[in-house]
Each structure stands twice: as C-alpha cells, then as structure tokens.
Amino acid sequence: MSDEVTAWLARSALPLTSLTAGAPTTDLQPLKSVLGGVRIVGLGEATHGTREFFQLKHRLLEFLVTELGFSVFAMEASASAGEAVDAYVREGTGDAAKVLAGLGFWTWRTQEVLAMLAWMRTYNQGRPDDVKIRFVGIDPQKCGDSLAMLDSFLRKAAPDRVAGLHSTLGVLATAHPGSRPDPERRLVREAENLLEFLREHGPEADDALRHARILVQAADLVTRDARHTDPEQTVFAARDRYMADNLGELLDEPSVKIALWAHNGHIAKSRGDGAVAALGEHLAARCGDAYYALGLLFGSGSFRARRMWPGPWTRAASSAVVDHRIGPARSTAVEAQLARAHPGDHFLELRSAAGAPRAVREWLDARHDMRSFGAAAPLWTYRLHLSQVTLAKEYDGLAYVATSTGSVPLPAP
C-alpha cells in the first residue's frame, strides 16, 4: 500500500468516540449524509463472537432508529422464533432471555444482544404500534416455533393431519441445513403439500400459511447438498436467497427502513471469483444504492467460536465454544492497512472514494486479504485464516475496531 493510500485512509477516517449505546452521537452525525436515501443497512461482522461488534451494532441501531427513522431490526436468526422476540420488544410478552434463547443460535445468546432487546423494548413502551421497532428473523432454519403454531392450527382445523405434521416434518425443528441431502426432496414435497392444504382455509389461515412457507424453505435447505455441479444449487446459495427473499417481503412496504445484522460474508454485495451470490448481492440488485453494506473488522484480541479440529473429521457443532486469541493481522491485510493509517476505532466511508486519487481507487479495486470467522474456528490454524476481498465491490463502508474481546454468554437455562 502506497503512502498516498495511507494518507487518504488517514484523512478519510471518522474516529468513533465510543462503541457503546447511549453515548453522544456527535461522531456519528456524518453518517446522516452518507445514509440519506438508504432503506437497508447491512451491519456485518468479521466474527460471530466479538463483544465490541455487538456493542457497536447496538449503538448504530439506536442511531438509525432515533435519528434516521429506521423501523425494523432484522437478524441472521430464526424466522420462526423471531415472532416471539418481536412480541417481547413490541408488547413486553414473555421473558427476554427465554425468547432470545429460542432463536436457537448460541452466537446471539449473549449479554450484548440481550441489552439490545431490552433497549428496543424500552424504546417501544408507550409508542403507537405504527412507530414501534419490529424484530424480524430472516433465516429459515431452527423452525420449531412454526411447527408448534401449525400444530395448534391443525388441531382445530384438521385434527387428522396433526400426527403427519410431526412424523414427516418434525425433524425440521433441529435439522441443520445440508444435513439430510435428498435428490428426491421428499421433505420439501411434504411441506409444499401442507402449504397447498392451508391455502384452502381462507384468511383465518394467514398466520399458518406464513409458518408453512418457513417450513418449505427449511425443508429445502435441509435436503440440499453442500456440493453441486451448479454452485447456485448448493445449500449455501439457497440460504442467502431465502434470507434475501424474506427481507424483500418487508421492503414491499415503501416506508420500511431496515437495520440488518449478519456476518460480513452475508451482507457483502459480492463474493468475487464467481462465488455464489451473497444475501447482500441480492439486496443490492433489488435496492441499488438504497442498500448500504457496512463491514466490521478488528485489529487484535480474542473472539468466541466453536473449537474444531482442522480438516473434515470433527463436526464443529459438537465442540466447545471458547475464546480464540489472535494478534495483529499480517501487514498486507486490510485490517493492518487501516490500523497503519488510523490505529483507533473508526469508520471509513467508501462510496465517496469515487473522487479519490487514482492510487486509492486502484487499491480499492484490488484483491486483499481480510479476516473472516464464522461460528466455528479450527484449532491452531485459525490465526492464518483469511478471505480475499475487493473492497470497492463488496462494501460501501467499513468500521474498524482496534481490540476485539469475546462476547459474554448468558447463563445456561
């Protein structure tokens, strides 16, 4: 990276004076002009277990809601169980920790996400329904709540179908995407048959229809394979398409503005090298500049993830969730280059780089290493794990957090 690029990064950096919610928003005010006309902001993360990412996203959610009129918080979490979370933040129904655990993802069962839900509930208290913040899960997996709702509906409308619901589709409550590859798609056909049956019941079946659609998506993910001669037919491609479709339904209402929480790999507007389209790529195709992809990066520290052995021998889902320590990124990685220009926490707006010096535009158009960790990290080798990115194609902005520490898990229920 040339001195010219480093100087531009230093000039363009917007220092973040705080990562925590409730702090004065003076440092965030420049975002108002950046996000003017934006309807959906993708809030990414380089790990699923960094406390500072979660805190910053809470702070950004508050800013988007209170100063820019955003009304929906959407999450890479169970679409089925998301309704219980929405009932809590809008009406105070249920217990916050229990509905959060109901989402089924250990990654979100943390003090930081619980604090965000508590703020949403406090914000909504006493407000008219049409201005309350909504919570929406967009991921079809973990759909036990949909099965429970359909059980309740069928016991009244068609008791003879209840046993079949559980014997054929009950596995969808816990089955992971890609865990039951089936070229004949028997689970999908069963879910589609239920959906067709419910369509005959009129408006009283609207809620049941919504949950049946979730089962169709979940069944499709469960029965798809991780490998296919056509990458667009893999479970990975289908999952991002479904999450984009579920967000698209929200965007059909013109006044809706959405803050989206997902991994950097999902919110990115491109994955490069012919990889399958990410959630963010679908959103950018639909919304154009009304979609803003904000990637979150970190310098050094630690993060929580499941521990697994390198290679294909051990399933990560059966391994412990532990803190993974990591030092500064190699000098050629994006994180190191940002830190060289501005070592503190900061925001970097990339859309404005169209008028930047040629060296900067070439740097943004080049391929670079960047850290990326999901819910699992291999023993020992995780420190070497890097993804290739083209910043100009994948992100509209970056937020750099100098130090990462592990998210704080809630006590076991």
# chains A, B, ... in the order shown; residues from 1 in each chain; ligands from 1

$ select_by_dssp --residues "segment 82-311 of chain A" --states "alpha helix (DSSP H)" --output "VMD selection string"
chain A and resid 82 to 91 96 to 101 111 to 124 144 to 157 162 to 169 186 to 198 206 to 223 235 to 251 264 to 267 279 to 287

$ closest_residue --among "A:Ala23, A:Leu209, A:Leu56, A:Ala163" --to "Ser404 of chain A" --atoms "only C-alpha atoms"
A:Leu56

$ residues_around --residues "segment 266-277 of chain A" --least-positions-apart "4" --cutoff "6 Å" --atoms "only C-alpha atoms" --output "PyMOL selection string"
chain A and resi 42+232+237+281+293+394-395

$ write_last_selection --atoms "all heavy atoms" --output "PDB file, in the first residue's frame"
ATOM      1  N   GLY A  42     -26.787  -3.010   5.983  1.00  0.00           N
ATOM      2  CA  GLY A  42     -26.242  -4.288   6.418  1.00  0.00           C
ATOM      3  C   GLY A  42     -25.130  -4.055   7.410  1.00  0.00           C
ATOM      4  O   GLY A  42     -24.102  -3.459   7.074  1.00  0.00           O
ATOM      5  N   GLU A 232     -25.028 -22.537  -7.646  1.00  0.00           N
ATOM      6  CA  GLU A 232     -26.261 -21.878  -7.232  1.00  0.00           C
ATOM      7  C   GLU A 232     -27.279 -22.859  -6.659  1.00  0.00           C
ATOM      8  O   GLU A 232     -28.275 -22.441  -6.064  1.00  0.00           O
ATOM      9  CB  GLU A 232     -26.884 -21.126  -8.415  1.00  0.00           C
ATOM     10  CG  GLU A 232     -26.117 -19.878  -8.819  1.00  0.00           C
ATOM     11  CD  GLU A 232     -26.097 -18.817  -7.717  1.00  0.00           C
ATOM     12  OE1 GLU A 232     -27.060 -18.756  -6.938  1.00  0.00           O
ATOM     13  OE2 GLU A 232     -25.119 -18.059  -7.641  1.00  0.00           O
ATOM     14  N   ALA A 237     -25.946 -21.200  -1.323  1.00  0.00           N
ATOM     15  CA  ALA A 237     -26.604 -20.237  -2.203  1.00  0.00           C
ATOM     16  C   ALA A 237     -28.077 -20.096  -1.854  1.00  0.00           C
ATOM     17  O   ALA A 237     -28.621 -18.985  -1.833  1.00  0.00           O
ATOM     18  CB  ALA A 237     -26.439 -20.681  -3.664  1.00  0.00           C
ATOM     19  N   GLU A 281     -25.674  -9.246  -2.107  1.00  0.00           N
ATOM     20  CA  GLU A 281     -25.706  -9.108  -3.559  1.00  0.00           C
ATOM     21  C   GLU A 281     -27.149  -9.094  -4.064  1.00  0.00           C
ATOM     22  O   GLU A 281     -27.512  -8.313  -4.942  1.00  0.00           O
ATOM     23  CB  GLU A 281     -24.921 -10.244  -4.207  1.00  0.00           C
ATOM     24  CG  GLU A 281     -24.688 -10.058  -5.690  1.00  0.00           C
ATOM     25  CD  GLU A 281     -23.647 -11.017  -6.247  1.00  0.00           C
ATOM     26  OE1 GLU A 281     -22.941 -11.659  -5.443  1.00  0.00           O
ATOM     27  OE2 GLU A 281     -23.540 -11.100  -7.484  1.00  0.00           O
ATOM     28  N   ALA A 293     -23.816  -1.622   2.550  1.00  0.00           N
ATOM     29  CA  ALA A 293     -23.121  -2.741   3.203  1.00  0.00           C
ATOM     30  C   ALA A 293     -21.968  -2.213   4.044  1.00  0.00           C
ATOM     31  O   ALA A 293     -20.998  -1.672   3.506  1.00  0.00           O
ATOM     32  CB  ALA A 293     -22.605  -3.723   2.165  1.00  0.00           C
ATOM     33  N   GLU A 394     -17.489  -5.012  -2.689  1.00  0.00           N
ATOM     34  CA  GLU A 394     -18.179  -5.754  -1.637  1.00  0.00           C
ATOM     35  C   GLU A 394     -18.775  -4.886  -0.538  1.00  0.00           C
ATOM     36  O   GLU A 394     -19.784  -5.260   0.066  1.00  0.00           O
ATOM     37  CB  GLU A 394     -17.222  -6.796  -1.043  1.00  0.00           C
ATOM     38  CG  GLU A 394     -16.793  -7.805  -2.093  1.00  0.00           C
ATOM     39  CD  GLU A 394     -15.820  -8.858  -1.578  1.00  0.00           C
ATOM     40  OE1 GLU A 394     -15.983  -9.292  -0.427  1.00  0.00           O
ATOM     41  OE2 GLU A 394     -14.902  -9.236  -2.336  1.00  0.00           O
ATOM     42  N   TYR A 395     -18.177  -3.729  -0.268  1.00  0.00           N
ATOM     43  CA  TYR A 395     -18.629  -2.923   0.870  1.00  0.00           C
ATOM     44  C   TYR A 395     -18.763  -1.450   0.486  1.00  0.00           C
ATOM     45  O   TYR A 395     -18.021  -0.928  -0.344  1.00  0.00           O
ATOM     46  CB  TYR A 395     -17.645  -3.053   2.040  1.00  0.00           C
ATOM     47  CG  TYR A 395     -17.517  -4.474   2.530  1.00  0.00           C
ATOM     48  CD1 TYR A 395     -16.414  -5.246   2.180  1.00  0.00           C
ATOM     49  CD2 TYR A 395     -18.518  -5.057   3.308  1.00  0.00           C
ATOM     50  CE1 TYR A 395     -16.303  -6.562   2.608  1.00  0.00           C
ATOM     51  CE2 TYR A 395     -18.419  -6.371   3.734  1.00  0.00           C
ATOM     52  CZ  TYR A 395     -17.307  -7.109   3.381  1.00  0.00           C
ATOM     53  OH  TYR A 395     -17.210  -8.418   3.797  1.00  0.00           O
TER      54      TYR A 395
END

$ residues_around --residues "Trp108 of chain A" --least-positions-apart "6" --cutoff "10 Å" --atoms "only C-alpha atoms" --output "list in words"
His48, Gly49, Phe54, Met75, Glu76, Ala77, Leu100, Ala101, Leu114, Ser407, Val408, Pro409 and Leu410 of chain A

$ write_last_selection --atoms "C-alpha atoms" --output "compact mmCIF listing (two decimals), in the first residue's frame"
# COMPACT_ATOMS: atom_id res chain seq x y z
CA HIS A 48 -19.83 -14.16 15.38
CA GLY A 49 -18.29 -13.75 18.83
CA PHE A 54 -22.23 -6.39 19.08
CA MET A 75 -31.26 -10.60 12.11
CA GLU A 76 -29.50 -13.65 10.73
CA ALA A 77 -31.65 -15.72 13.10
CA LEU A 100 -33.51 -14.84 22.83
CA ALA A 101 -32.54 -18.44 23.60
CA LEU A 114 -29.98 -9.14 25.41
CA SER A 407 -18.91 -11.81 23.57
CA VAL A 408 -20.35 -12.55 27.03
CA PRO A 409 -22.62 -15.63 27.09
CA LEU A 410 -25.79 -15.69 29.14

$ closest_atom_pairs --of "segment 44-88 of chain A" --to "segment 35-38 of chain A" --cutoff "12 Å" --atoms "only C-alpha atoms" --output "JSON lines"
{"residue": "A:Phe63", "atom": "CA", "partner": "A:Leu35", "partner_atom": "CA", "distance": 11.5}
{"residue": "A:Leu64", "atom": "CA", "partner": "A:Leu35", "partner_atom": "CA", "distance": 9.4}
{"residue": "A:Glu67", "atom": "CA", "partner": "A:Leu35", "partner_atom": "CA", "distance": 11.2}
{"residue": "A:Leu68", "atom": "CA", "partner": "A:Gly36", "partner_atom": "CA", "distance": 8.5}
{"residue": "A:Gly69", "atom": "CA", "partner": "A:Val38", "partner_atom": "CA", "distance": 10.8}
{"residue": "A:Phe70", "atom": "CA", "partner": "A:Val38", "partner_atom": "CA", "distance": 9.9}

$ write_last_selection --atoms "N, CA, C and O atoms" --output "PDB file, in the first residue's frame"
ATOM      1  N   PHE A  63     -28.933   4.802  16.775  1.00  0.00           N
ATOM      2  CA  PHE A  63     -28.768   5.980  15.917  1.00  0.00           C
ATOM      3  C   PHE A  63     -29.700   5.900  14.708  1.00  0.00           C
ATOM      4  O   PHE A  63     -30.376   6.881  14.359  1.00  0.00           O
ATOM      5  N   LEU A  64     -29.761   4.741  14.072  1.00  0.00           N
ATOM      6  CA  LEU A  64     -30.604   4.580  12.885  1.00  0.00           C
ATOM      7  C   LEU A  64     -32.080   4.769  13.228  1.00  0.00           C
ATOM      8  O   LEU A  64     -32.839   5.357  12.452  1.00  0.00           O
ATOM      9  N   GLU A  67     -32.559   8.740  14.927  1.00  0.00           N
ATOM     10  CA  GLU A  67     -32.183   9.913  14.139  1.00  0.00           C
ATOM     11  C   GLU A  67     -32.419   9.758  12.635  1.00  0.00           C
ATOM     12  O   GLU A  67     -32.403  10.747  11.907  1.00  0.00           O
ATOM     13  N   LEU A  68     -32.661   8.515  12.179  1.00  0.00           N
ATOM     14  CA  LEU A  68     -32.864   8.326  10.740  1.00  0.00           C
ATOM     15  C   LEU A  68     -34.157   7.581  10.419  1.00  0.00           C
ATOM     16  O   LEU A  68     -34.405   7.266   9.250  1.00  0.00           O
ATOM     17  N   GLY A  69     -34.965   7.296  11.436  1.00  0.00           N
ATOM     18  CA  GLY A  69     -36.282   6.743  11.184  1.00  0.00           C
ATOM     19  C   GLY A  69     -36.342   5.290  10.780  1.00  0.00           C
ATOM     20  O   GLY A  69     -37.341   4.853  10.179  1.00  0.00           O
ATOM     21  N   PHE A  70     -35.333   4.496  11.115  1.00  0.00           N
ATOM     22  CA  PHE A  70     -35.389   3.070  10.809  1.00  0.00           C
ATOM     23  C   PHE A  70     -36.394   2.391  11.747  1.00  0.00           C
ATOM     24  O   PHE A  70     -36.520   2.777  12.912  1.00  0.00           O
TER      25      PHE A  70
END

$ closest_residue --among "A:Arg286, A:Arg358, A:His201, A:Lys142" --to "Ser78 of chain A" --atoms "only C-alpha atoms"
A:Lys142

$ residues_around --residues "Tyr242 of chain A" --least-positions-apart "5" --cutoff "12 Å" --atoms "only C-alpha atoms" --output "JSON, numbers by chain"
{"A": [76, 78, 79, 137, 138, 139, 140, 141, 213, 214, 215, 216, 217, 218, 219, 220, 221, 235, 236, 237, 247, 248, 249, 266, 277, 278, 279, 280, 282, 283]}

$ closest_atom_pairs --of "segment 278-355 of chain A" --to "segment 50-53 of chain A" --cutoff "9 Å" --atoms "only C-alpha atoms" --output "Markdown table"
| residue | atom | partner | partner_atom | distance |
| --- | --- | --- | --- | --- |
| A:Leu296 | CA | A:Phe53 | CA | 7.0 |
| A:Leu297 | CA | A:Phe53 | CA | 8.4 |
| A:Phe298 | CA | A:Phe53 | CA | 8.6 |
| A:Ser302 | CA | A:Thr50 | CA | 7.5 |
| A:Phe303 | CA | A:Thr50 | CA | 5.0 |
| A:Arg304 | CA | A:Thr50 | CA | 6.7 |

$ atom_distance --atom1 "atom CA of Ala339 of chain A" --atom2 "atom CA of Ala284 of chain A"
28.6 Å
